[in-house]
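Next comes final_34.txt, with compact mmCIF, N, CA and C atoms.
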```txt
# COMPACT_ATOMS: atom_id res chain seq x y z
N MET C 561 -23.82 11.98 -12.40
CA MET C 561 -22.64 11.24 -12.76
C MET C 561 -22.37 10.18 -11.70
N THR C 562 -22.19 8.92 -12.12
CA THR C 562 -21.94 7.86 -11.16
C THR C 562 -20.45 7.55 -11.09
N ASN C 563 -20.04 7.08 -9.93
CA ASN C 563 -18.64 6.69 -9.75
C ASN C 563 -18.40 5.36 -10.42
N ALA C 564 -17.25 5.21 -11.02
CA ALA C 564 -16.87 3.93 -11.61
C ALA C 564 -16.67 2.93 -10.50
N PRO C 565 -17.02 1.67 -10.74
CA PRO C 565 -16.80 0.67 -9.70
C PRO C 565 -15.31 0.49 -9.41
N LEU C 566 -15.01 0.19 -8.18
CA LEU C 566 -13.62 -0.07 -7.79
C LEU C 566 -13.18 -1.39 -8.37
N PRO C 567 -11.90 -1.52 -8.71
CA PRO C 567 -11.40 -2.82 -9.15
C PRO C 567 -11.51 -3.84 -8.01
N LEU C 568 -11.66 -5.10 -8.37
CA LEU C 568 -11.79 -6.14 -7.36
C LEU C 568 -10.50 -6.34 -6.57
N GLU C 569 -9.37 -6.06 -7.20
CA GLU C 569 -8.08 -6.20 -6.52
C GLU C 569 -7.39 -4.84 -6.45
N ILE C 570 -6.61 -4.69 -5.39
CA ILE C 570 -5.78 -3.50 -5.24
C ILE C 570 -4.36 -3.99 -4.94
N ASP C 571 -3.38 -3.37 -5.58
CA ASP C 571 -2.01 -3.79 -5.33
C ASP C 571 -1.42 -3.00 -4.16
N ALA C 572 -0.21 -3.35 -3.78
CA ALA C 572 0.42 -2.72 -2.62
C ALA C 572 0.62 -1.23 -2.83
N HIS C 573 0.94 -0.82 -4.04
CA HIS C 573 1.10 0.61 -4.32
C HIS C 573 -0.24 1.34 -4.14
N GLY C 574 -1.32 0.75 -4.61
CA GLY C 574 -2.64 1.35 -4.43
C GLY C 574 -3.02 1.45 -2.97
N LEU C 575 -2.67 0.42 -2.20
CA LEU C 575 -2.95 0.45 -0.76
C LEU C 575 -2.14 1.55 -0.09
N HIS C 576 -0.90 1.70 -0.49
CA HIS C 576 -0.06 2.76 0.05
C HIS C 576 -0.68 4.13 -0.25
N LYS C 577 -1.20 4.29 -1.45
CA LYS C 577 -1.85 5.55 -1.83
C LYS C 577 -3.09 5.82 -0.97
N ILE C 578 -3.87 4.80 -0.71
CA ILE C 578 -5.05 4.94 0.16
C ILE C 578 -4.60 5.45 1.53
N GLU C 579 -3.54 4.85 2.05
CA GLU C 579 -3.06 5.24 3.38
C GLU C 579 -2.47 6.65 3.38
N THR C 580 -1.64 6.97 2.41
CA THR C 580 -1.00 8.29 2.41
C THR C 580 -1.99 9.41 2.11
N ASP C 581 -3.01 9.12 1.28
CA ASP C 581 -4.03 10.12 0.98
C ASP C 581 -5.12 10.18 2.05
N LYS C 582 -5.00 9.30 3.04
CA LYS C 582 -5.95 9.23 4.15
C LYS C 582 -7.40 9.10 3.66
N LEU C 583 -7.58 8.19 2.70
CA LEU C 583 -8.92 7.94 2.17
C LEU C 583 -9.73 7.13 3.17
N ASN C 584 -11.05 7.18 3.02
CA ASN C 584 -11.95 6.44 3.90
C ASN C 584 -11.83 4.96 3.59
N ALA C 585 -11.03 4.25 4.39
CA ALA C 585 -10.77 2.84 4.16
C ALA C 585 -10.90 2.05 5.45
N ALA C 586 -11.28 0.81 5.29
CA ALA C 586 -11.32 -0.14 6.41
C ALA C 586 -10.66 -1.43 5.93
N PHE C 587 -10.13 -2.18 6.86
CA PHE C 587 -9.39 -3.39 6.53
C PHE C 587 -9.95 -4.56 7.32
N ILE C 588 -10.07 -5.70 6.66
CA ILE C 588 -10.49 -6.94 7.29
C ILE C 588 -9.44 -8.00 6.96
N ASP C 589 -8.95 -8.66 7.97
CA ASP C 589 -7.95 -9.71 7.81
C ASP C 589 -8.67 -11.06 7.88
N VAL C 590 -8.66 -11.83 6.78
CA VAL C 590 -9.38 -13.10 6.74
C VAL C 590 -8.49 -14.31 7.00
N ARG C 591 -7.27 -14.06 7.50
CA ARG C 591 -6.38 -15.16 7.85
C ARG C 591 -6.85 -15.84 9.14
N MET C 592 -6.30 -17.00 9.40
CA MET C 592 -6.58 -17.71 10.64
C MET C 592 -5.87 -16.97 11.79
N PRO C 593 -6.41 -17.04 13.01
CA PRO C 593 -5.79 -16.32 14.14
C PRO C 593 -4.31 -16.63 14.34
N TRP C 594 -3.89 -17.86 14.14
CA TRP C 594 -2.47 -18.20 14.32
C TRP C 594 -1.60 -17.48 13.30
N GLU C 595 -2.13 -17.25 12.09
CA GLU C 595 -1.37 -16.51 11.07
C GLU C 595 -1.23 -15.04 11.47
N VAL C 596 -2.31 -14.49 11.99
CA VAL C 596 -2.29 -13.08 12.42
C VAL C 596 -1.31 -12.91 13.57
N ALA C 597 -1.26 -13.88 14.48
CA ALA C 597 -0.33 -13.80 15.61
C ALA C 597 1.11 -13.77 15.13
N GLN C 598 1.41 -14.47 14.05
CA GLN C 598 2.77 -14.51 13.52
C GLN C 598 3.14 -13.24 12.77
N ALA C 599 2.16 -12.63 12.10
CA ALA C 599 2.44 -11.43 11.30
C ALA C 599 1.20 -10.54 11.30
N PRO C 600 1.02 -9.73 12.34
CA PRO C 600 -0.16 -8.87 12.44
C PRO C 600 -0.25 -7.87 11.29
N ALA C 601 -1.49 -7.50 10.95
CA ALA C 601 -1.74 -6.49 9.91
C ALA C 601 -2.29 -5.25 10.59
N GLY C 602 -1.47 -4.63 11.42
CA GLY C 602 -1.92 -3.43 12.13
C GLY C 602 -3.07 -3.75 13.07
N ASP C 603 -4.04 -2.87 13.10
CA ASP C 603 -5.19 -3.09 13.98
C ASP C 603 -6.41 -3.58 13.21
N SER C 604 -6.18 -4.21 12.06
CA SER C 604 -7.28 -4.74 11.25
C SER C 604 -8.01 -5.83 12.02
N PRO C 605 -9.35 -5.78 12.04
CA PRO C 605 -10.08 -6.86 12.68
C PRO C 605 -9.82 -8.18 11.96
N ASN C 606 -9.72 -9.24 12.72
CA ASN C 606 -9.50 -10.57 12.16
C ASN C 606 -10.81 -11.33 12.14
N ILE C 607 -11.30 -11.63 10.94
CA ILE C 607 -12.47 -12.47 10.76
C ILE C 607 -12.07 -13.55 9.75
N PRO C 608 -11.74 -14.75 10.22
CA PRO C 608 -11.32 -15.79 9.29
C PRO C 608 -12.36 -16.00 8.18
N LEU C 609 -11.87 -16.34 7.00
CA LEU C 609 -12.72 -16.49 5.83
C LEU C 609 -13.94 -17.36 6.10
N ASN C 610 -13.75 -18.49 6.78
CA ASN C 610 -14.88 -19.39 7.02
C ASN C 610 -15.90 -18.83 8.00
N GLN C 611 -15.59 -17.73 8.66
CA GLN C 611 -16.53 -17.11 9.61
C GLN C 611 -17.15 -15.82 9.07
N LEU C 612 -16.72 -15.40 7.90
CA LEU C 612 -17.18 -14.13 7.34
C LEU C 612 -18.70 -14.02 7.23
N PRO C 613 -19.39 -15.06 6.74
CA PRO C 613 -20.85 -14.92 6.62
C PRO C 613 -21.57 -14.61 7.93
N GLN C 614 -21.02 -15.08 9.04
CA GLN C 614 -21.65 -14.84 10.34
C GLN C 614 -21.36 -13.45 10.90
N HIS C 615 -20.49 -12.70 10.24
CA HIS C 615 -20.05 -11.41 10.79
C HIS C 615 -20.33 -10.23 9.86
N LEU C 616 -21.23 -10.40 8.91
CA LEU C 616 -21.50 -9.31 7.96
C LEU C 616 -21.90 -8.01 8.66
N GLU C 617 -22.70 -8.12 9.70
CA GLU C 617 -23.16 -6.91 10.39
C GLU C 617 -22.04 -6.16 11.09
N GLN C 618 -20.92 -6.81 11.31
CA GLN C 618 -19.77 -6.18 11.96
C GLN C 618 -18.86 -5.45 10.98
N LEU C 619 -19.04 -5.69 9.69
CA LEU C 619 -18.13 -5.10 8.72
C LEU C 619 -18.38 -3.60 8.60
N PRO C 620 -17.32 -2.83 8.59
CA PRO C 620 -17.47 -1.38 8.49
C PRO C 620 -17.89 -0.96 7.09
N LYS C 621 -18.57 0.14 7.01
CA LYS C 621 -18.89 0.76 5.73
C LYS C 621 -17.77 1.74 5.43
N ALA C 622 -17.16 1.61 4.26
CA ALA C 622 -16.04 2.48 3.91
C ALA C 622 -15.97 2.59 2.39
N ASP C 623 -15.31 3.64 1.92
CA ASP C 623 -15.12 3.81 0.47
C ASP C 623 -14.23 2.72 -0.10
N HIS C 624 -13.35 2.18 0.72
CA HIS C 624 -12.47 1.08 0.34
C HIS C 624 -12.50 0.07 1.49
N LEU C 625 -13.06 -1.11 1.24
CA LEU C 625 -13.04 -2.19 2.22
C LEU C 625 -12.01 -3.19 1.73
N VAL C 626 -10.80 -3.08 2.26
CA VAL C 626 -9.67 -3.88 1.78
C VAL C 626 -9.59 -5.17 2.59
N ILE C 627 -9.61 -6.28 1.85
CA ILE C 627 -9.57 -7.60 2.47
C ILE C 627 -8.14 -8.13 2.34
N ILE C 628 -7.61 -8.62 3.46
CA ILE C 628 -6.21 -9.04 3.55
C ILE C 628 -6.12 -10.51 3.93
N CYS C 629 -5.18 -11.22 3.31
CA CYS C 629 -4.82 -12.57 3.73
C CYS C 629 -3.32 -12.73 3.53
N ALA C 630 -2.84 -13.95 3.51
CA ALA C 630 -1.40 -14.17 3.40
C ALA C 630 -0.86 -13.91 2.00
N HIS C 631 -1.53 -14.46 0.97
CA HIS C 631 -1.01 -14.36 -0.39
C HIS C 631 -2.03 -13.88 -1.42
N GLY C 632 -3.23 -13.55 -1.00
CA GLY C 632 -4.22 -12.98 -1.91
C GLY C 632 -5.31 -13.92 -2.37
N ASN C 633 -5.19 -15.21 -2.10
CA ASN C 633 -6.22 -16.16 -2.56
C ASN C 633 -7.50 -16.05 -1.73
N ARG C 634 -7.38 -16.15 -0.43
CA ARG C 634 -8.56 -16.07 0.43
C ARG C 634 -9.19 -14.68 0.39
N SER C 635 -8.36 -13.65 0.30
CA SER C 635 -8.94 -12.30 0.24
C SER C 635 -9.71 -12.10 -1.06
N MET C 636 -9.27 -12.73 -2.15
CA MET C 636 -10.01 -12.64 -3.41
C MET C 636 -11.36 -13.34 -3.29
N MET C 637 -11.37 -14.53 -2.69
CA MET C 637 -12.65 -15.22 -2.48
C MET C 637 -13.58 -14.38 -1.61
N ALA C 638 -13.01 -13.80 -0.55
CA ALA C 638 -13.82 -12.98 0.36
C ALA C 638 -14.36 -11.74 -0.35
N ALA C 639 -13.52 -11.05 -1.12
CA ALA C 639 -13.96 -9.84 -1.82
C ALA C 639 -15.06 -10.16 -2.84
N GLN C 640 -14.91 -11.27 -3.56
CA GLN C 640 -15.94 -11.66 -4.52
C GLN C 640 -17.24 -11.95 -3.81
N TRP C 641 -17.19 -12.70 -2.71
CA TRP C 641 -18.38 -13.05 -1.96
C TRP C 641 -19.03 -11.80 -1.36
N LEU C 642 -18.21 -10.91 -0.81
CA LEU C 642 -18.75 -9.69 -0.23
C LEU C 642 -19.43 -8.83 -1.29
N ARG C 643 -18.84 -8.73 -2.46
CA ARG C 643 -19.48 -7.96 -3.54
C ARG C 643 -20.83 -8.55 -3.92
N GLN C 644 -20.91 -9.86 -3.95
CA GLN C 644 -22.18 -10.53 -4.26
C GLN C 644 -23.22 -10.30 -3.17
N ASN C 645 -22.76 -9.91 -2.01
CA ASN C 645 -23.65 -9.69 -0.87
C ASN C 645 -23.75 -8.23 -0.47
N GLY C 646 -23.54 -7.34 -1.43
CA GLY C 646 -23.83 -5.92 -1.22
C GLY C 646 -22.68 -5.03 -0.79
N PHE C 647 -21.50 -5.57 -0.63
CA PHE C 647 -20.35 -4.76 -0.24
C PHE C 647 -19.57 -4.39 -1.50
N ASP C 648 -20.07 -3.36 -2.19
CA ASP C 648 -19.52 -2.98 -3.50
C ASP C 648 -18.11 -2.41 -3.44
N THR C 649 -17.65 -2.04 -2.26
CA THR C 649 -16.32 -1.45 -2.15
C THR C 649 -15.27 -2.45 -1.68
N ALA C 650 -15.65 -3.73 -1.57
CA ALA C 650 -14.69 -4.75 -1.13
C ALA C 650 -13.61 -4.92 -2.20
N GLN C 651 -12.37 -4.95 -1.75
CA GLN C 651 -11.22 -5.13 -2.63
C GLN C 651 -10.23 -6.08 -1.97
N SER C 652 -9.68 -6.98 -2.75
CA SER C 652 -8.67 -7.92 -2.28
C SER C 652 -7.29 -7.29 -2.44
N LEU C 653 -6.47 -7.42 -1.41
CA LEU C 653 -5.07 -6.98 -1.53
C LEU C 653 -4.33 -8.02 -2.35
N MET C 654 -3.98 -7.67 -3.58
CA MET C 654 -3.29 -8.57 -4.50
C MET C 654 -1.96 -9.02 -3.89
N GLY C 655 -1.77 -10.32 -3.80
CA GLY C 655 -0.53 -10.86 -3.23
C GLY C 655 -0.51 -10.89 -1.72
N GLY C 656 -1.55 -10.37 -1.09
CA GLY C 656 -1.69 -10.44 0.36
C GLY C 656 -0.59 -9.74 1.14
N MET C 657 -0.44 -10.19 2.38
CA MET C 657 0.57 -9.61 3.27
C MET C 657 1.98 -9.80 2.72
N ALA C 658 2.19 -10.87 1.96
CA ALA C 658 3.52 -11.11 1.39
C ALA C 658 3.90 -9.96 0.46
N SER C 659 2.96 -9.54 -0.39
CA SER C 659 3.29 -8.45 -1.31
C SER C 659 3.39 -7.12 -0.57
N TRP C 660 2.59 -6.94 0.47
CA TRP C 660 2.66 -5.70 1.25
C TRP C 660 4.02 -5.58 1.94
N ARG C 661 4.51 -6.70 2.51
CA ARG C 661 5.83 -6.67 3.15
C ARG C 661 6.93 -6.37 2.12
N ARG C 662 6.87 -7.00 0.94
CA ARG C 662 7.87 -6.73 -0.10
C ARG C 662 7.83 -5.27 -0.52
N TYR C 663 6.63 -4.72 -0.66
CA TYR C 663 6.50 -3.32 -1.06
C TYR C 663 7.11 -2.40 0.00
N GLN C 664 6.82 -2.67 1.25
CA GLN C 664 7.36 -1.84 2.33
C GLN C 664 8.88 -1.90 2.35
N GLU C 665 9.44 -3.06 2.12
CA GLU C 665 10.91 -3.18 2.07
C GLU C 665 11.48 -2.40 0.89
N MET C 666 10.78 -2.42 -0.22
CA MET C 666 11.25 -1.75 -1.42
C MET C 666 11.24 -0.23 -1.26
N VAL C 667 10.23 0.31 -0.60
CA VAL C 667 10.14 1.77 -0.48
C VAL C 667 10.87 2.31 0.74
N ALA C 668 11.33 1.41 1.60
CA ALA C 668 12.03 1.85 2.83
C ALA C 668 13.40 2.41 2.52
```
For the file at hand, write its structure as structure tokens.
Amino acid sequence: MTNAPLPLEIDAHGLHKIETDKLNAAFIDVRMPWEVAQAPAGDSPNIPLNQLPQHLEQLPKADHLVIICAHGNRSMMAAQWLRQNGFDTAQSLMGGMASWRRYQEMVA
């Protein structure tokens, strides 16, 4: 029996579930360094989208490789590109950090 492929996007609720269930997940932040300095995403490594191809060997292997950006556009491009290059578990955080912040405020 094979596992169904992961959806290309994950919403904030799904990300919360990954964290609370302590699933095997890794996070990559594809924002520019100045954006990360303004609003860090925990201890996620920062690899700007335009540098991603040069850093493939640094990407962690995980059941969920969640790609983060500000609003979800760059993370979607990164997740699509990573999937085309063998990272089948890459997922874009839908709505990016903006949606994650809204979700955290809502559940607080």
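Picture a line from CA of Met666 (chain C) to atom C of Gly602 (chain C); it runs 20.5 Å.
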Discussion item. Quick check, in Å to one decimal: how far apart do CA of Gly655 (chain C) and CA of Ile578 (chain C) lie?
Written reply: 16.8 Å
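Non-sequential neighbours of Ser604 (chain C) (distance at most 6 Å, separation of 6 or more positions within a chain, all atoms listed in the file) are Phe587, Ile588 and Asp589 of chain C.
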Worksheet item: Quick one, how far is CA of Trp660 (chain C) from CA of Leu575 (chain C)?
Response: 8.6 Å
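Nearest to Asn633 (chain C) of all the residues C:Gln598, C:Met654, C:Tyr663, C:Glu617 is C:Met654, based on all atoms listed in the file.
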Worksheet item: Mind checking DSSP for region 572-624 of chain C and telling me the helix (DSSP H, G or I) residues as a PyMOL selection string?
Response: chain C and resi 572-580+593-598+609-618
Find the residues around Ser659 (chain C) up to 8 Å (all atoms listed in the file counted), leave out those fewer than 4 positions away in its own chain, and share them as a short mmCIF file (atom, residue, chain, number, x, y, z; two decimals) with N, CA and C atoms, in the coordinates of the input.
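Everything below was put into result.cif:
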```
data_model
loop_
_atom_site.label_atom_id
_atom_site.label_comp_id
_atom_site.auth_asym_id
_atom_site.auth_seq_id
_atom_site.Cartn_x
_atom_site.Cartn_y
_atom_site.Cartn_z
N ASP C 571 -3.38 -3.37 -5.58
CA ASP C 571 -2.01 -3.79 -5.33
C ASP C 571 -1.42 -3.00 -4.16
N ALA C 572 -0.21 -3.35 -3.78
CA ALA C 572 0.42 -2.72 -2.62
C ALA C 572 0.62 -1.23 -2.83
N HIS C 573 0.94 -0.82 -4.04
CA HIS C 573 1.10 0.61 -4.32
C HIS C 573 -0.24 1.34 -4.14
N ALA C 630 -2.84 -13.95 3.51
CA ALA C 630 -1.40 -14.17 3.40
C ALA C 630 -0.86 -13.91 2.00
N HIS C 631 -1.53 -14.46 0.97
CA HIS C 631 -1.01 -14.36 -0.39
C HIS C 631 -2.03 -13.88 -1.42
N GLY C 632 -3.23 -13.55 -1.00
CA GLY C 632 -4.22 -12.98 -1.91
C GLY C 632 -5.31 -13.92 -2.37
N LEU C 653 -6.47 -7.42 -1.41
CA LEU C 653 -5.07 -6.98 -1.53
C LEU C 653 -4.33 -8.02 -2.35
N MET C 654 -3.98 -7.67 -3.58
CA MET C 654 -3.29 -8.57 -4.50
C MET C 654 -1.96 -9.02 -3.89
N GLY C 655 -1.77 -10.32 -3.80
CA GLY C 655 -0.53 -10.86 -3.23
C GLY C 655 -0.51 -10.89 -1.72
N TYR C 663 6.63 -4.72 -0.66
CA TYR C 663 6.50 -3.32 -1.06
C TYR C 663 7.11 -2.40 0.00
N GLN C 664 6.82 -2.67 1.25
CA GLN C 664 7.36 -1.84 2.33
C GLN C 664 8.88 -1.90 2.35
N GLU C 665 9.44 -3.06 2.12
CA GLU C 665 10.91 -3.18 2.07
C GLU C 665 11.48 -2.40 0.89
#
```
Practice prompt. List every residue of region 571-602 of chain C that DSSP, applied to the backbone of this structure, assigns to strand (DSSP E or B), and report them as an MDAnalysis selection string.
Written response: chainID C and resid 585:589
Return as AutoDock Vina command-line options the centre and edge lengths, in Å with one decimal, of the box along x, y and z that encloses every atom of region 611-621 of chain C in the file, padded by 8 Å per side.
```
--center_x -19.4 --center_y -8.0 --center_z 8.7 --size_x 23.6 --size_y 35.5 --size_z 22.5
```
Item to complete: Kindly indicate which residue among C:Leu583, C:Ala597, C:Leu566, C:Leu609 lies nearest to Arg634 (chain C), using only C-alpha atoms for the distances.
Response: C:Leu609
Near Ala650 (chain C), counting only C-alpha atoms, which residues have an atom at most 6 Å away, once you skip same-chain residues fewer than 6 positions from it, shown as a compact mmCIF listing (two decimals) with N, CA and C atoms, in the coordinates of the input?
```txt
# COMPACT_ATOMS: atom_id res chain seq x y z
N LEU C 625 -13.06 -1.11 1.24
CA LEU C 625 -13.04 -2.19 2.22
C LEU C 625 -12.01 -3.19 1.73
N VAL C 626 -10.80 -3.08 2.26
CA VAL C 626 -9.67 -3.88 1.78
C VAL C 626 -9.59 -5.17 2.59
N ALA C 639 -13.52 -11.05 -1.12
CA ALA C 639 -13.96 -9.84 -1.82
C ALA C 639 -15.06 -10.16 -2.84
```
Discussion item. Can you pull out the residues contacting Met592 (chain C)? Cut-off 6 Å, using all atoms listed in the file, and skip same-chain residues under 3 positions away; I want them as a PyMOL selection string.
Written reply: chain C and resi 595-596+608
